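The structure appears below as structure tokens.
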Amino acid sequence: MRMNGRSPVILDHLTSLADATRSRILMVLERHELTVTEICGVVQLPQSTVSRHLRALADGGWVNSRAEGTSNLYAMTRDELDATARRLWLLVREGVVSTPAATHDQRRLQSILAKRRTKSQEFFSSSAGQWDRMREDLFGDRFHLTALAAFADQRWVVGDLGCGTGQVSAVLAPFVKRVVGVDASAAMLQAARRRLRGVDNVDLRRGELEALPIDDAQLDAATLMLVLHHLPEPEKALAEVARVLKPGGRVLIVDMLPHDREGYRKQMGHVWLGFAEDHVQRLLVDAGLGEIRTVNLPPDHRAKGPELFVATGHR
Ligand SMILES: C[S@@+](CC[C@H](N)C(=O)[O-])C[C@H]1O[C@@H](n2cnc3c(N)ncnc32)[C@H](O)[C@@H]1O
């Protein structure tokens with residue numbers, strides 16, 4: 001047995017545990033991190049007494065503490081105890097666990113833990129009205145949308161068709177194997193290249209959506225984000241999408257609901273003033289795609305354009 005120069009280590013451990021209060025404190029700290037005030041509430045002893053016992057237990061290597069905010073949290077150092085101490089604790093624990101004092105401690109512990117939970121619930125109920133603003137102040141208002149791209153399978157090759165300046169490619173690239181961005185405009189592709197500098201799994205190609213520069217059955221998924229309204233013959237582009245998707249591959253379209261902003265034709269070259277649900281469904285069905293779903297997106301109060309829908313389908 002190890003000796004510390006004066007006496008066997010087990011005798012030091014026995015000294016630490018031989019006090020009933022210390023054993024009770026250890027029982028409480030075995031599974032939970034508590035502040036001194038909370039421990040006082042559980043064992044119903046004054047702070048000076050509890051602090052003295054905690055010091056002795058810390059000196060004996062039985063508890064440790066860490067700072068959190070303005071308080072210190074104490075816990076038993078169960079996993080770091082030497083084998084002798086662990087065996088001794090099991091024995092002592094067995095003797096202490098069913099004593100009335102320990103039973104009452106456990107009940108008070110439960111109520112203190114419940115109070116903690118209520119405190120955090122109170123925080124959320126009192127700040128429910130402000131939470132949205134706090135969330136936005138702390139983290140911005142887009143992170144959850146960007147994070148949702150992690151639902152994509154990391155083995156996927158995804159087509160960003162009509163990729164423009166590469167906004168969608170940039171969101172998808174961290175989560176999938178490869179993104180193939182296609183656009184007819186050299187200027188847009190140049191901007192996309194700038195945005196995606198340093199991203200090595202995006203392949204930008206110049207080409208027409210009606211004759212995609214992609215071989216058959218290469219993509220696990222394809223997206224046409226705000227593109228369809230530019231195409232005089234959207235059915236041609238969707239036939240191409242069906243060609244380049246693998247069996248089971250999926251397409252995701254975002255575009256405008258029907259609107260009357262004629263000016264968009266001249267200003268931005270829009271061909272279609274939005275799409276009604278049955279029009280989109282027909283386009284997808286005619287391209288041989290199934291499992292079609294269309295959902296109107298909730299309006300963004302800061303957006304000035306027409307409302308949007310998302311449509312999905314599978315090959
Ligand atoms: C409104 S932008 C949308 C860009 C991007 N998807 C986004 O969400 O920011 C439409 C893009 O589609 C491209 N486009 C329009 N017609 C096209 C066609 N027939 N073939 C390929 N790209 C086309 C345009 O060059 C433009 O970059």
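FYI, nothing fancy with the structure tokens labels: chains A, B, ... in order, residues from 1 per chain, ligands from 1 as they appear.
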
Distance filter 9 Å around ligand 1, atoms: only C-alpha atoms and all ligand atoms, out as a ChimeraX atom specification
/A:160-169,182-189,206-212,223-234,237,254,268-270

Skip segment 287-300 of chain A itself and residues of its chain fewer than 5 positions away, then list as a ChimeraX atom specification all residues within 7 Å of it, counting only C-alpha atoms.
/A:235,238-239,242,277,281,307-315

Store the residues of this selection in a file with all heavy atoms, as a short mmCIF file (atom, residue, chain, number, x, y, z; two decimals), in the first residue's frame.
data_model
loop_
_atom_site.label_atom_id
_atom_site.label_comp_id
_atom_site.auth_asym_id
_atom_site.auth_seq_id
_atom_site.Cartn_x
_atom_site.Cartn_y
_atom_site.Cartn_z
N GLU A 235 -40.10 24.23 -69.25
CA GLU A 235 -40.21 22.76 -69.38
C GLU A 235 -38.92 22.15 -69.92
O GLU A 235 -38.57 21.02 -69.54
CB GLU A 235 -41.43 22.36 -70.24
CG GLU A 235 -41.46 22.85 -71.67
CD GLU A 235 -41.92 24.32 -71.80
OE1 GLU A 235 -42.18 24.97 -70.78
OE2 GLU A 235 -42.00 24.80 -72.95
N LEU A 238 -36.53 21.87 -66.98
CA LEU A 238 -36.89 20.81 -66.04
C LEU A 238 -36.64 19.41 -66.63
O LEU A 238 -36.28 18.48 -65.90
CB LEU A 238 -38.34 20.97 -65.60
CG LEU A 238 -38.47 22.15 -64.63
CD1 LEU A 238 -39.91 22.48 -64.33
CD2 LEU A 238 -37.71 21.88 -63.32
N ALA A 239 -36.77 19.30 -67.94
CA ALA A 239 -36.43 18.02 -68.58
C ALA A 239 -34.92 17.78 -68.41
O ALA A 239 -34.48 16.64 -68.16
CB ALA A 239 -36.80 18.06 -70.06
N ALA A 242 -34.27 16.63 -64.88
CA ALA A 242 -34.59 15.20 -64.72
C ALA A 242 -33.48 14.34 -65.31
O ALA A 242 -33.14 13.28 -64.78
CB ALA A 242 -35.93 14.90 -65.39
N GLU A 277 -49.55 27.52 -58.24
CA GLU A 277 -49.17 26.19 -57.75
C GLU A 277 -49.40 25.11 -58.81
O GLU A 277 -48.54 24.25 -59.04
CB GLU A 277 -49.99 25.87 -56.49
CG GLU A 277 -49.56 24.59 -55.83
CD GLU A 277 -50.30 24.34 -54.52
OE1 GLU A 277 -51.05 25.24 -54.06
OE2 GLU A 277 -50.14 23.24 -53.99
N GLN A 281 -46.69 22.50 -60.48
CA GLN A 281 -46.91 21.04 -60.36
C GLN A 281 -46.88 20.40 -61.74
O GLN A 281 -46.26 19.36 -61.94
CB GLN A 281 -48.28 20.79 -59.72
CG GLN A 281 -48.35 21.36 -58.32
CD GLN A 281 -48.83 20.34 -57.32
OE1 GLN A 281 -49.11 19.23 -57.67
NE2 GLN A 281 -48.92 20.75 -56.06
N GLU A 307 -44.21 37.60 -52.94
CA GLU A 307 -44.00 36.44 -52.06
C GLU A 307 -43.47 35.25 -52.84
O GLU A 307 -43.65 35.15 -54.05
CB GLU A 307 -45.31 36.11 -51.34
CG GLU A 307 -45.59 37.18 -50.29
CD GLU A 307 -46.85 36.93 -49.52
OE1 GLU A 307 -47.20 35.75 -49.33
OE2 GLU A 307 -47.49 37.91 -49.14
N LEU A 308 -42.85 34.35 -52.09
CA LEU A 308 -42.15 33.22 -52.72
C LEU A 308 -42.77 31.89 -52.33
O LEU A 308 -43.43 31.77 -51.29
CB LEU A 308 -40.68 33.23 -52.26
CG LEU A 308 -39.86 34.48 -52.57
CD1 LEU A 308 -38.50 34.43 -51.87
CD2 LEU A 308 -39.68 34.64 -54.08
N PHE A 309 -42.51 30.89 -53.17
CA PHE A 309 -42.89 29.51 -52.81
C PHE A 309 -41.66 28.64 -52.97
O PHE A 309 -40.68 29.01 -53.62
CB PHE A 309 -44.02 28.98 -53.72
CG PHE A 309 -43.57 28.80 -55.15
CD1 PHE A 309 -42.96 27.61 -55.58
CD2 PHE A 309 -43.73 29.83 -56.09
CE1 PHE A 309 -42.54 27.45 -56.89
CE2 PHE A 309 -43.30 29.67 -57.40
CZ PHE A 309 -42.71 28.48 -57.81
N VAL A 310 -41.71 27.46 -52.36
CA VAL A 310 -40.68 26.45 -52.61
C VAL A 310 -41.41 25.21 -53.13
O VAL A 310 -42.48 24.84 -52.62
CB VAL A 310 -39.83 26.14 -51.35
CG1 VAL A 310 -40.67 25.70 -50.18
CG2 VAL A 310 -38.76 25.10 -51.64
N ALA A 311 -40.86 24.62 -54.18
CA ALA A 311 -41.44 23.38 -54.71
C ALA A 311 -40.34 22.33 -54.74
O ALA A 311 -39.19 22.63 -55.08
CB ALA A 311 -41.97 23.62 -56.13
N THR A 312 -40.70 21.11 -54.35
CA THR A 312 -39.72 20.02 -54.39
C THR A 312 -40.31 18.83 -55.12
O THR A 312 -41.52 18.64 -55.16
CB THR A 312 -39.32 19.57 -52.96
OG1 THR A 312 -40.50 19.34 -52.21
CG2 THR A 312 -38.47 20.60 -52.26
N GLY A 313 -39.43 18.05 -55.72
CA GLY A 313 -39.86 16.83 -56.40
C GLY A 313 -38.70 15.85 -56.46
O GLY A 313 -37.54 16.22 -56.22
N HIS A 314 -39.02 14.59 -56.75
CA HIS A 314 -38.01 13.53 -56.83
C HIS A 314 -38.02 12.91 -58.22
O HIS A 314 -39.06 12.80 -58.85
CB HIS A 314 -38.32 12.40 -55.85
CG HIS A 314 -38.05 12.78 -54.42
ND1 HIS A 314 -38.73 13.77 -53.77
CD2 HIS A 314 -37.18 12.26 -53.53
CE1 HIS A 314 -38.29 13.86 -52.54
NE2 HIS A 314 -37.34 12.96 -52.36
N ARG A 315 -36.83 12.50 -58.64
CA ARG A 315 -36.81 11.76 -59.90
C ARG A 315 -37.21 10.32 -59.65
O ARG A 315 -36.78 9.72 -58.66
CB ARG A 315 -35.39 11.78 -60.49
CG ARG A 315 -35.42 11.09 -61.83
CD ARG A 315 -34.11 11.06 -62.55
NE ARG A 315 -34.16 9.89 -63.44
CZ ARG A 315 -33.11 9.36 -64.01
NH1 ARG A 315 -31.93 9.87 -63.82
NH2 ARG A 315 -33.23 8.30 -64.78
#

Between atom CA of Asp220 of chain A and atom CA of Gly249 of chain A lies a distance of 4.6 Å

Counting only C-alpha atoms, closest pick from A:Lys304, A:Ala221, A:Lys119, A:Met76 relative to Arg261 of chain A is A:Lys304

Per DSSP on the backbone, what are the strand (DSSP E) residues of segment 96-261 of chain A, as a VMD selection string?
chain A and resid 157 to 161 178 to 183 202 to 206 219 to 225 245 to 256

Residue contacts of Val158 of chain A (10 Å, only C-alpha atoms) excluding same-chain residues fewer than 6 positions away, as JSON, numbers by chain:
{"A": [152, 169, 172, 173, 176, 177, 178, 179, 180, 181, 202, 218, 219, 220, 221, 222, 223, 245, 249, 250, 251]}

Output of the above residues as a compact mmCIF listing (two decimals), in the first residue's frame, restricted to all heavy atoms:
# COMPACT_ATOMS: atom_id res chain seq x y z
N ALA A 152 -28.50 18.11 -45.63
CA ALA A 152 -28.05 17.49 -46.89
C ALA A 152 -27.04 16.39 -46.57
O ALA A 152 -26.25 16.52 -45.62
CB ALA A 152 -27.42 18.55 -47.79
N SER A 169 -24.55 28.14 -53.54
CA SER A 169 -23.38 27.25 -53.56
C SER A 169 -22.56 27.44 -52.27
O SER A 169 -22.09 26.47 -51.68
CB SER A 169 -22.48 27.55 -54.75
OG SER A 169 -23.17 27.33 -55.95
N LEU A 172 -24.21 25.67 -49.37
CA LEU A 172 -24.21 24.20 -49.45
C LEU A 172 -22.81 23.60 -49.33
O LEU A 172 -22.66 22.50 -48.77
CB LEU A 172 -24.81 23.77 -50.79
CG LEU A 172 -26.33 23.88 -50.92
CD1 LEU A 172 -26.75 23.68 -52.37
CD2 LEU A 172 -27.01 22.84 -50.03
N ALA A 173 -21.82 24.28 -49.89
CA ALA A 173 -20.49 23.68 -50.03
C ALA A 173 -19.93 23.05 -48.74
O ALA A 173 -19.35 21.96 -48.80
CB ALA A 173 -19.51 24.71 -50.60
N VAL A 176 -21.75 19.32 -48.29
CA VAL A 176 -21.90 18.26 -49.28
C VAL A 176 -20.55 17.95 -49.93
O VAL A 176 -19.57 18.67 -49.72
CB VAL A 176 -22.94 18.64 -50.37
CG1 VAL A 176 -24.31 18.87 -49.75
CG2 VAL A 176 -22.49 19.87 -51.15
N LYS A 177 -20.55 16.88 -50.73
CA LYS A 177 -19.28 16.48 -51.35
C LYS A 177 -18.85 17.52 -52.40
O LYS A 177 -17.71 17.97 -52.42
CB LYS A 177 -19.48 15.12 -52.02
CG LYS A 177 -18.21 14.54 -52.59
CD LYS A 177 -18.47 13.10 -53.00
CE LYS A 177 -17.40 12.61 -53.93
NZ LYS A 177 -17.88 11.52 -54.77
N ARG A 178 -19.80 17.89 -53.27
CA ARG A 178 -19.44 18.81 -54.35
C ARG A 178 -20.66 19.59 -54.80
O ARG A 178 -21.79 19.07 -54.75
CB ARG A 178 -18.89 18.01 -55.54
CG ARG A 178 -18.05 18.81 -56.51
CD ARG A 178 -17.06 17.90 -57.25
NE ARG A 178 -17.72 16.78 -57.89
CZ ARG A 178 -18.20 16.81 -59.13
NH1 ARG A 178 -18.11 17.90 -59.85
NH2 ARG A 178 -18.77 15.74 -59.64
N VAL A 179 -20.44 20.83 -55.20
CA VAL A 179 -21.52 21.62 -55.78
C VAL A 179 -21.11 21.94 -57.21
O VAL A 179 -19.96 22.33 -57.46
CB VAL A 179 -21.73 22.95 -55.01
CG1 VAL A 179 -22.85 23.77 -55.65
CG2 VAL A 179 -22.06 22.68 -53.54
N VAL A 180 -22.05 21.74 -58.14
CA VAL A 180 -21.80 22.14 -59.52
C VAL A 180 -22.68 23.35 -59.79
O VAL A 180 -23.92 23.24 -59.80
CB VAL A 180 -22.15 21.01 -60.51
CG1 VAL A 180 -21.86 21.46 -61.95
CG2 VAL A 180 -21.39 19.73 -60.17
N GLY A 181 -22.06 24.51 -59.96
CA GLY A 181 -22.82 25.74 -60.21
C GLY A 181 -22.84 26.02 -61.70
O GLY A 181 -21.79 25.98 -62.35
N VAL A 202 -16.50 23.49 -55.09
CA VAL A 202 -17.52 24.05 -55.98
C VAL A 202 -16.93 24.16 -57.38
O VAL A 202 -15.86 24.73 -57.58
CB VAL A 202 -18.01 25.44 -55.50
CG1 VAL A 202 -19.05 25.99 -56.47
CG2 VAL A 202 -18.60 25.34 -54.10
N GLN A 218 -25.91 12.57 -62.74
CA GLN A 218 -24.71 12.94 -61.95
C GLN A 218 -25.06 13.56 -60.59
O GLN A 218 -24.26 13.54 -59.67
CB GLN A 218 -23.87 13.97 -62.72
CG GLN A 218 -23.22 13.43 -63.96
CD GLN A 218 -22.29 12.29 -63.61
OE1 GLN A 218 -21.35 12.46 -62.84
NE2 GLN A 218 -22.56 11.12 -64.15
N LEU A 219 -26.27 14.11 -60.49
CA LEU A 219 -26.58 14.92 -59.30
C LEU A 219 -27.51 14.19 -58.33
O LEU A 219 -28.46 13.54 -58.74
CB LEU A 219 -27.25 16.24 -59.70
CG LEU A 219 -26.50 17.15 -60.67
CD1 LEU A 219 -27.31 18.43 -60.91
CD2 LEU A 219 -25.10 17.48 -60.15
N ASP A 220 -27.22 14.33 -57.05
CA ASP A 220 -28.14 13.82 -56.02
C ASP A 220 -29.26 14.82 -55.78
O ASP A 220 -30.35 14.44 -55.34
CB ASP A 220 -27.37 13.59 -54.71
CG ASP A 220 -26.29 12.55 -54.87
OD1 ASP A 220 -26.64 11.37 -54.85
OD2 ASP A 220 -25.11 12.92 -55.07
N ALA A 221 -28.97 16.07 -56.03
CA ALA A 221 -29.98 17.11 -55.82
C ALA A 221 -29.65 18.30 -56.70
O ALA A 221 -28.49 18.50 -57.08
CB ALA A 221 -30.01 17.54 -54.35
N ALA A 222 -30.70 19.06 -57.04
CA ALA A 222 -30.49 20.25 -57.85
C ALA A 222 -31.39 21.35 -57.33
O ALA A 222 -32.51 21.09 -56.88
CB ALA A 222 -30.83 19.96 -59.31
N THR A 223 -30.89 22.58 -57.36
CA THR A 223 -31.74 23.68 -56.96
C THR A 223 -31.80 24.73 -58.05
O THR A 223 -30.78 25.01 -58.72
CB THR A 223 -31.29 24.30 -55.60
OG1 THR A 223 -31.56 25.69 -55.62
CG2 THR A 223 -29.83 24.10 -55.33
N LEU A 245 -30.33 14.37 -62.88
CA LEU A 245 -30.51 13.81 -61.52
C LEU A 245 -30.32 12.30 -61.55
O LEU A 245 -30.69 11.63 -62.52
CB LEU A 245 -31.92 14.10 -61.01
CG LEU A 245 -32.22 15.49 -60.46
CD1 LEU A 245 -33.69 15.56 -60.04
CD2 LEU A 245 -31.33 15.83 -59.26
N GLY A 249 -32.99 11.20 -57.04
CA GLY A 249 -32.46 12.55 -56.78
C GLY A 249 -33.59 13.56 -56.68
O GLY A 249 -34.70 13.31 -57.14
N ARG A 250 -33.32 14.68 -56.05
CA ARG A 250 -34.41 15.63 -55.81
C ARG A 250 -34.11 17.03 -56.33
O ARG A 250 -32.96 17.43 -56.41
CB ARG A 250 -34.74 15.66 -54.32
CG ARG A 250 -33.51 15.88 -53.47
CD ARG A 250 -33.81 15.73 -52.01
NE ARG A 250 -34.07 14.35 -51.61
CZ ARG A 250 -34.46 14.00 -50.40
NH1 ARG A 250 -34.64 14.91 -49.47
NH2 ARG A 250 -34.66 12.75 -50.09
N VAL A 251 -35.19 17.72 -56.66
CA VAL A 251 -35.04 19.10 -57.14
C VAL A 251 -35.76 20.04 -56.17
O VAL A 251 -36.75 19.66 -55.55
CB VAL A 251 -35.61 19.24 -58.58
CG1 VAL A 251 -37.09 18.93 -58.63
CG2 VAL A 251 -35.37 20.65 -59.13

For segment 65-72 of chain A, work out the shell of residues within 12 Å, counting only C-alpha atoms and skipping chain neighbours fewer than 6 positions away, then give it as JSON, numbers by chain.
{"A": [29, 32, 33, 34, 35, 36, 37, 38, 39, 51, 54, 55, 57, 58, 59]}

Ala102 of chain A: which residues within 10 Å, counting only C-alpha atoms, same-chain residues fewer than 3 positions away excluded, as a list in words?
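So, after excluding close chain neighbours, the residues are Ala20, Thr21, Ser23, Arg24, Ile25, Met27, Val28, Val42, Val43, Arg93, Val96, Val97, Ser98, Thr99, Asp105, Gln106, Arg107 and Arg108 of chain A.
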
Go ahead and save the residues from that selection, with C-alpha atoms, as a JSON list (two decimals), in the first residue's frame.
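The new file selection08.json reads:
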[["chain", "number", "residue", "atom", "x", "y", "z"],
["A", 20, "ALA", "CA", -20.84, 12.41, 8.82],
["A", 21, "THR", "CA", -21.32, 15.84, 7.21],
["A", 23, "SER", "CA", -19.96, 11.94, 3.67],
["A", 24, "ARG", "CA", -23.33, 13.61, 3.19],
["A", 25, "ILE", "CA", -21.76, 16.38, 1.14],
["A", 27, "MET", "CA", -23.26, 11.91, -1.56],
["A", 28, "VAL", "CA", -24.79, 15.14, -2.85],
["A", 42, "VAL", "CA", -29.30, 20.60, 1.00],
["A", 43, "VAL", "CA", -27.44, 19.75, 4.21],
["A", 93, "ARG", "CA", -21.58, 5.24, 0.63],
["A", 96, "VAL", "CA", -24.63, 6.33, 4.52],
["A", 97, "VAL", "CA", -27.05, 6.13, 1.63],
["A", 98, "SER", "CA", -30.07, 4.90, 3.53],
["A", 99, "THR", "CA", -29.65, 7.01, 6.65],
["A", 105, "ASP", "CA", -30.62, 15.51, 1.65],
["A", 106, "GLN", "CA", -31.67, 13.79, -1.58],
["A", 107, "ARG", "CA", -35.18, 15.24, -1.32],
["A", 108, "ARG", "CA", -33.87, 18.73, -0.71]]

Which one is closest to Thr84 of chain A: A:Leu145, A:Met256, A:Leu14, A:Ala276? Count only C-alpha atoms.
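Smallest separation from Thr84 of chain A among the options: A:Leu14.
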
Looking only at alpha helix (DSSP H) from DSSP on the backbone, list the matching residues of segment 70-308 of chain A as a PyMOL selection string.
chain A and resi 83-96+100-126+128-139+143-148+167-172+186-195+234-244+263-268+277-286
